[in-house]
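Only one structure is covered here, and it is reproduced in the block below.
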Amino acid sequence: MTTIHVTASRDYDVLVQPGLLDDAGAQIAQVLGTGRTAAIVSGETVAGLYAARLAASLTRAGFRAVTFPYPGGEHCKTLATYAALLDFLAAHRLSRSDLIVALGGGVTGDLAGFAAATYQRGIPFVQVPTTLLAAVDSSVGGKTAVNLDSGKNQVGCFYQPSLVLCDPDTLRTLPPEEYRNGCAEVIKYAVLRSEPFFSELRTAPVSAQVEHVIATCVGMKRDLVAADEFDRGSRQLLNLGHSFGHAVEKCSDYAVPHGCGVAIGMAIIARAAAKRGICTEDTCAQIIALLRQYGLPTETDFTCDALTDAARSDKKIADGKLHLIVPERIGHCRIETIPAADIRAWLADGGIA
């Protein structure tokens, strides 16, 4: 088993091992004790695949398990779903000594984590990611949120899990398009922090080295979270591709999934960086080539005006400024603070008409 320890306002471990889902109850009991109610939160598709196994594991370990299934997907990451989950917790009489277990991808983790942070002013929660994107990124670091009509993750807070359990076997049931979404976040980490890792991704597919990939990405995120838990400085580097990627997602009414949005956002910012002399044309070409190698999009049909309007609603804008994450070379990026009025020019330099 691979164990990665995360140091934050609440320290916790990320465990990576095939077959871990069936041992989840015992692992959670070691951290939180037993004799509690565990509310499993899961989208309907994932619940149909794995909720019964997780509930059985929890029951064997002495927990009372209840399950809150919801339709799943970005459209359901809303205040209405959040309210329904809170009502479910109250109806099952969960107290502050009980816990929530997020079983699924990034949407489920965000929703369940926000409910855990706010129900009765905070109860423990555990992340059990079942998508590559959640395993390498969103299950770690304590960002929780739901969306508003104006944009993604507009209502949320920082709230660290008590434990993260990654079972790579659960990734085998992912549709190819969902696996590709996760690969976008994997590539993000390589561009941010490691040219050798970038080379590994070019040489061997993620699917052939998945445990190594999860551990490598989580290790990078662990370091950034430890240095800047509340996202006021260096942790903002994790937003590579996200500001423009979120704009693409919003313009598509979330028909473009998160990973594909991030891929497009990385391609836009790489082209803009090359045009402005921040990185070389070769660096830009390498980033775009690796995205395409993994079947990820690097273009969008949305106009510069539409994306500018969407980006100007980004929650990361403060004092009329946006912190863009810009590649200098593979493995090294910098934070470029720009006036919100310059967003359109950056998009145009990124190839958006």
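Please note that chains go A, B, ... in the order of the structure tokens, that every chain numbers its residues from 1, and that ligands are numbered from 1 in the order shown.
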
Test item: residues at most 12 Å from segment 8-10 of chain A, only C-alpha atoms, excluding those fewer than 5 positions along its chain, as a list in words:
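Returned residues: Pro124, Phe125, Val140, Gly141, Gly142, Phe158, Tyr159, Gln160, Pro161, Ser162, Leu163, Lys221, Arg222, Asp223, Leu224, Val225, Ala226, Ala227, Asp228, Glu229 and Phe230 of chain A.
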
Residues of segment 301-336 of chain A that approach segment 259-282 of chain A to 12 Å or less, counting only C-alpha atoms: could you list each one with the shortest pair of atoms and its distance in Å to one decimal, rows by chain and increasing residue number, as a tab-separated table?
residue	atom	partner	partner_atom	distance
A:Asp301	CA	A:Ile264	CA	10.8
A:Phe302	CA	A:Ile264	CA	11.2
A:Cys304	CA	A:Ile268	CA	11.4
A:Leu307	CA	A:Gly265	CA	10.8
A:Ala311	CA	A:Gly265	CA	11.1
A:Leu324	CA	A:Ile269	CA	8.4
A:Ile325	CA	A:Ile269	CA	7.9
A:Val326	CA	A:Ile269	CA	6.3
A:Pro327	CA	A:Cys279	CA	6.4
A:Glu328	CA	A:Cys279	CA	4.5
A:Arg329	CA	A:Cys279	CA	5.9
A:Ile330	CA	A:Cys279	CA	9.2
A:Gly331	CA	A:Cys279	CA	11.7
A:His332	CA	A:Cys279	CA	10.0
A:Cys333	CA	A:Cys279	CA	9.4
A:Arg334	CA	A:Ile278	CA	9.6
A:Ile335	CA	A:Ile278	CA	11.6
A:Glu336	CA	A:Ile278	CA	10.3

Give the answer as one residue: which of A:Arg202, A:Arg121, A:Lys315, A:Arg60 has the shortest atom-to-atom distance to Thr34 of chain A, using only C-alpha atoms?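 So, comparing all the options, the nearest one is A:Arg60.
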
Produce a table with one row for each residue of segment 4-40 of chain A that has an atom at most 10 Å from any atom of segment 129-136 of chain A, each row naming the nearest atom pair and its distance in Å at one decimal; use only C-alpha atoms; arrange rows by chain and rising residue number; format as JSON lines.
{"residue": "A:Val14", "atom": "CA", "partner": "A:Ala135", "partner_atom": "CA", "distance": 9.5}
{"residue": "A:Val16", "atom": "CA", "partner": "A:Ala135", "partner_atom": "CA", "distance": 9.1}
{"residue": "A:Leu21", "atom": "CA", "partner": "A:Thr130", "partner_atom": "CA", "distance": 9.7}

Now that the selection is made, can you save its residues with C-alpha atoms as a short mmCIF file (atom, residue, chain, number, x, y, z; two decimals), in the first residue's frame?
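Saved result, out-v3.cif, follows:
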data_model
loop_
_atom_site.label_atom_id
_atom_site.label_comp_id
_atom_site.auth_asym_id
_atom_site.auth_seq_id
_atom_site.Cartn_x
_atom_site.Cartn_y
_atom_site.Cartn_z
CA VAL A 14 -4.08 9.21 1.32
CA VAL A 16 -3.54 3.91 -2.61
CA LEU A 21 -12.75 -0.52 -1.33
#

- request: Please provide as a list in words all residues within 12 Å of Ala56 of chain A, with the sequence filter that same-chain residues fewer than 6 positions apart are discarded (counting only C-alpha atoms).
  value: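 So, after excluding close chain neighbours, the residues are Leu21, Asp22, Asp23, Ala24, Gly25, Ala26, Ala38, Ile40, Tyr50, Gly62, Phe63, Arg64, Ala65, Val66 and Thr67 of chain A.
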
Emit the selected residues as a short mmCIF file (atom, residue, chain, number, x, y, z; two decimals), in the first residue's frame, including all heavy atoms.
data_model
loop_
_atom_site.label_atom_id
_atom_site.label_comp_id
_atom_site.auth_asym_id
_atom_site.auth_seq_id
_atom_site.Cartn_x
_atom_site.Cartn_y
_atom_site.Cartn_z
N LEU A 21 -11.33 -0.79 -1.57
CA LEU A 21 -12.75 -0.52 -1.33
C LEU A 21 -13.33 -1.51 -0.33
O LEU A 21 -14.11 -1.13 0.55
CB LEU A 21 -13.52 -0.60 -2.66
CG LEU A 21 -15.02 -0.28 -2.57
CD1 LEU A 21 -15.24 1.19 -2.23
CD2 LEU A 21 -15.71 -0.62 -3.89
N ASP A 22 -12.95 -2.78 -0.42
CA ASP A 22 -13.51 -3.80 0.46
C ASP A 22 -12.91 -3.75 1.86
O ASP A 22 -13.40 -4.42 2.77
CB ASP A 22 -13.32 -5.19 -0.15
CG ASP A 22 -14.13 -5.36 -1.44
OD1 ASP A 22 -15.31 -4.98 -1.43
OD2 ASP A 22 -13.56 -5.84 -2.43
N ASP A 23 -11.87 -2.98 2.03
CA ASP A 23 -11.24 -2.81 3.35
C ASP A 23 -11.51 -1.41 3.91
O ASP A 23 -10.95 -1.04 4.94
CB ASP A 23 -9.72 -3.04 3.22
CG ASP A 23 -9.02 -3.20 4.57
OD1 ASP A 23 -9.59 -3.87 5.45
OD2 ASP A 23 -7.93 -2.64 4.74
N ALA A 24 -12.38 -0.66 3.22
CA ALA A 24 -12.60 0.74 3.60
C ALA A 24 -13.10 0.88 5.03
O ALA A 24 -12.65 1.75 5.78
CB ALA A 24 -13.58 1.39 2.62
N GLY A 25 -14.04 0.03 5.43
CA GLY A 25 -14.59 0.13 6.78
C GLY A 25 -13.52 0.00 7.84
O GLY A 25 -13.47 0.78 8.79
N ALA A 26 -12.65 -0.99 7.68
CA ALA A 26 -11.59 -1.20 8.66
C ALA A 26 -10.62 -0.03 8.69
O ALA A 26 -10.16 0.39 9.76
CB ALA A 26 -10.85 -2.50 8.35
N ALA A 38 -22.45 6.04 9.10
CA ALA A 38 -21.70 6.53 7.94
C ALA A 38 -22.68 6.74 6.80
O ALA A 38 -23.33 5.79 6.35
CB ALA A 38 -20.62 5.53 7.54
N ILE A 40 -23.15 7.36 3.08
CA ILE A 40 -22.47 7.28 1.78
C ILE A 40 -23.18 8.21 0.81
O ILE A 40 -24.40 8.10 0.60
CB ILE A 40 -22.50 5.84 1.25
CG1 ILE A 40 -21.80 4.88 2.22
CG2 ILE A 40 -21.85 5.76 -0.14
CD1 ILE A 40 -22.03 3.41 1.91
N TYR A 50 -20.80 0.42 -6.77
CA TYR A 50 -19.92 0.25 -5.62
C TYR A 50 -20.53 0.52 -4.25
O TYR A 50 -19.91 0.18 -3.23
CB TYR A 50 -18.68 1.15 -5.77
CG TYR A 50 -17.86 0.83 -6.99
CD1 TYR A 50 -17.64 1.78 -7.99
CD2 TYR A 50 -17.29 -0.43 -7.16
CE1 TYR A 50 -16.88 1.49 -9.11
CE2 TYR A 50 -16.53 -0.74 -8.27
CZ TYR A 50 -16.33 0.23 -9.24
OH TYR A 50 -15.57 -0.07 -10.35
N GLY A 62 -18.46 -2.35 11.87
CA GLY A 62 -19.24 -1.88 13.00
C GLY A 62 -19.96 -0.56 12.81
O GLY A 62 -20.47 0.02 13.78
N PHE A 63 -20.02 -0.06 11.58
CA PHE A 63 -20.76 1.17 11.29
C PHE A 63 -22.20 0.85 10.89
O PHE A 63 -22.48 -0.23 10.37
CB PHE A 63 -20.10 1.93 10.13
CG PHE A 63 -18.73 2.46 10.43
CD1 PHE A 63 -17.59 1.73 10.11
CD2 PHE A 63 -18.57 3.70 11.04
CE1 PHE A 63 -16.32 2.21 10.38
CE2 PHE A 63 -17.30 4.19 11.31
CZ PHE A 63 -16.18 3.45 11.00
N ARG A 64 -23.08 1.81 11.09
CA ARG A 64 -24.40 1.76 10.46
C ARG A 64 -24.30 2.57 9.17
O ARG A 64 -23.96 3.77 9.22
CB ARG A 64 -25.47 2.37 11.38
CG ARG A 64 -26.87 2.39 10.75
CD ARG A 64 -27.91 2.91 11.74
NE ARG A 64 -27.88 4.36 11.85
CZ ARG A 64 -28.74 5.19 11.22
NH1 ARG A 64 -29.66 4.70 10.41
NH2 ARG A 64 -28.66 6.49 11.43
N ALA A 65 -24.56 1.93 8.04
CA ALA A 65 -24.38 2.60 6.75
C ALA A 65 -25.74 2.95 6.14
O ALA A 65 -26.65 2.13 6.09
CB ALA A 65 -23.61 1.70 5.79
N VAL A 66 -25.85 4.21 5.70
CA VAL A 66 -27.01 4.66 4.94
C VAL A 66 -26.48 5.33 3.66
O VAL A 66 -25.35 5.82 3.65
CB VAL A 66 -27.89 5.65 5.74
CG1 VAL A 66 -28.49 4.95 6.95
CG2 VAL A 66 -27.09 6.87 6.18
N THR A 67 -27.27 5.32 2.61
CA THR A 67 -26.78 5.81 1.31
C THR A 67 -27.69 6.89 0.76
O THR A 67 -28.92 6.72 0.72
CB THR A 67 -26.66 4.66 0.29
OG1 THR A 67 -25.76 3.68 0.80
CG2 THR A 67 -26.14 5.16 -1.05
#

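Of the residues listed (A:Ala208, A:Gly350, A:Gln286, A:His323), A:His323 shows the shortest atom-to-atom separation from Ile338 of chain A; distances use only C-alpha atoms.
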
Let me make sure I understand: among A:Ile123, A:Ala247, A:Ala52, A:Leu20, which one has the smallest atom-to-atom distance to Gly151 of chain A if we use only C-alpha atoms?
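The closest residue to Gly151 of chain A is A:Ala247.
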
Just asking: which residues within segment 48-126 of chain A are alpha helix (DSSP H) according to DSSP, as a PyMOL selection string? chain A and resi 52-60+79-91+106-118

Residue with the minimum atom-to-atom distance to Gly33 of chain A, picked from A:Ser252, A:Ala190, A:Tyr12, A:Leu58 with only C-alpha atoms counted, is A:Leu58

Selection near segment 196-198 of chain A, 9 Å with only C-alpha atoms, sequence-local residues under 5 positions removed, as a count of residues only
10

Can you tell me how far atom CA of Gly113 of chain A sits from atom CA of Ala84 of chain A, in Å to one decimal?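 According to the coordinates, atom CA of Gly113 of chain A and atom CA of Ala84 of chain A are separated by 14.3 Å.
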
I need the residues in segment 196-325 of chain A that are strand (DSSP E or B) according to DSSP; give them as a PDB file with N, CA, C and O atoms, in the first residue's frame.
ATOM      1  N   ALA A 318     -10.213  38.933  -7.906  1.00  0.00           N
ATOM      2  CA  ALA A 318     -10.267  39.743  -6.683  1.00  0.00           C
ATOM      3  C   ALA A 318      -9.604  41.081  -6.965  1.00  0.00           C
ATOM      4  O   ALA A 318      -8.573  41.150  -7.637  1.00  0.00           O
ATOM      5  N   LYS A 321      -8.592  41.826 -10.467  1.00  0.00           N
ATOM      6  CA  LYS A 321      -7.439  41.150 -11.055  1.00  0.00           C
ATOM      7  C   LYS A 321      -7.645  39.642 -11.057  1.00  0.00           C
ATOM      8  O   LYS A 321      -8.358  39.094 -10.216  1.00  0.00           O
ATOM      9  N   LEU A 322      -7.001  38.984 -11.999  1.00  0.00           N
ATOM     10  CA  LEU A 322      -7.056  37.528 -12.129  1.00  0.00           C
ATOM     11  C   LEU A 322      -5.633  36.990 -12.130  1.00  0.00           C
ATOM     12  O   LEU A 322      -4.746  37.532 -12.796  1.00  0.00           O
ATOM     13  N   HIS A 323      -5.412  35.918 -11.390  1.00  0.00           N
ATOM     14  CA  HIS A 323      -4.108  35.258 -11.362  1.00  0.00           C
ATOM     15  C   HIS A 323      -4.108  34.119 -12.379  1.00  0.00           C
ATOM     16  O   HIS A 323      -4.701  33.075 -12.148  1.00  0.00           O
ATOM     17  N   LEU A 324      -3.477  34.345 -13.508  1.00  0.00           N
ATOM     18  CA  LEU A 324      -3.336  33.301 -14.524  1.00  0.00           C
ATOM     19  C   LEU A 324      -2.081  32.480 -14.234  1.00  0.00           C
ATOM     20  O   LEU A 324      -1.049  33.020 -13.826  1.00  0.00           O
ATOM     21  N   ILE A 325      -2.182  31.178 -14.470  1.00  0.00           N
ATOM     22  CA  ILE A 325      -1.027  30.307 -14.312  1.00  0.00           C
ATOM     23  C   ILE A 325      -0.467  30.037 -15.702  1.00  0.00           C
ATOM     24  O   ILE A 325      -1.154  29.504 -16.573  1.00  0.00           O
TER      25      ILE A 325
END

For Thr170 of chain A, the closest of A:Met1, A:Cys183, A:Leu103, A:Leu347 counting only C-alpha atoms is A:Leu103

Original post:
Counting only C-alpha atoms, what is within 9 Å of Leu148 of chain A, bar same-chain residues fewer than 6 positions away, as an NGL selection string?
Top reply: :A and (77-79 or 154-155)

Output the selection as a short mmCIF file (atom, residue, chain, number, x, y, z; two decimals), in the first residue's frame - C-alpha atoms for each residue.
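The resulting file, selection-v3.cif, is shown below:
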data_model
loop_
_atom_site.label_atom_id
_atom_site.label_comp_id
_atom_site.auth_asym_id
_atom_site.auth_seq_id
_atom_site.Cartn_x
_atom_site.Cartn_y
_atom_site.Cartn_z
CA LYS A 77 -23.83 20.22 -7.84
CA THR A 78 -26.36 22.80 -6.70
CA LEU A 79 -27.78 24.36 -3.57
CA GLN A 154 -19.21 29.89 -6.00
CA VAL A 155 -20.41 28.61 -2.61
#

Exercise for the section: Go through A:Ala29, A:Leu15, A:Ala348, A:Val107 and flag the residue nearest Gly73 of chain A, using only C-alpha atoms for the distances. Expected result: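 Once distances to Gly73 of chain A are computed over only C-alpha atoms, the minimum belongs to A:Val107.
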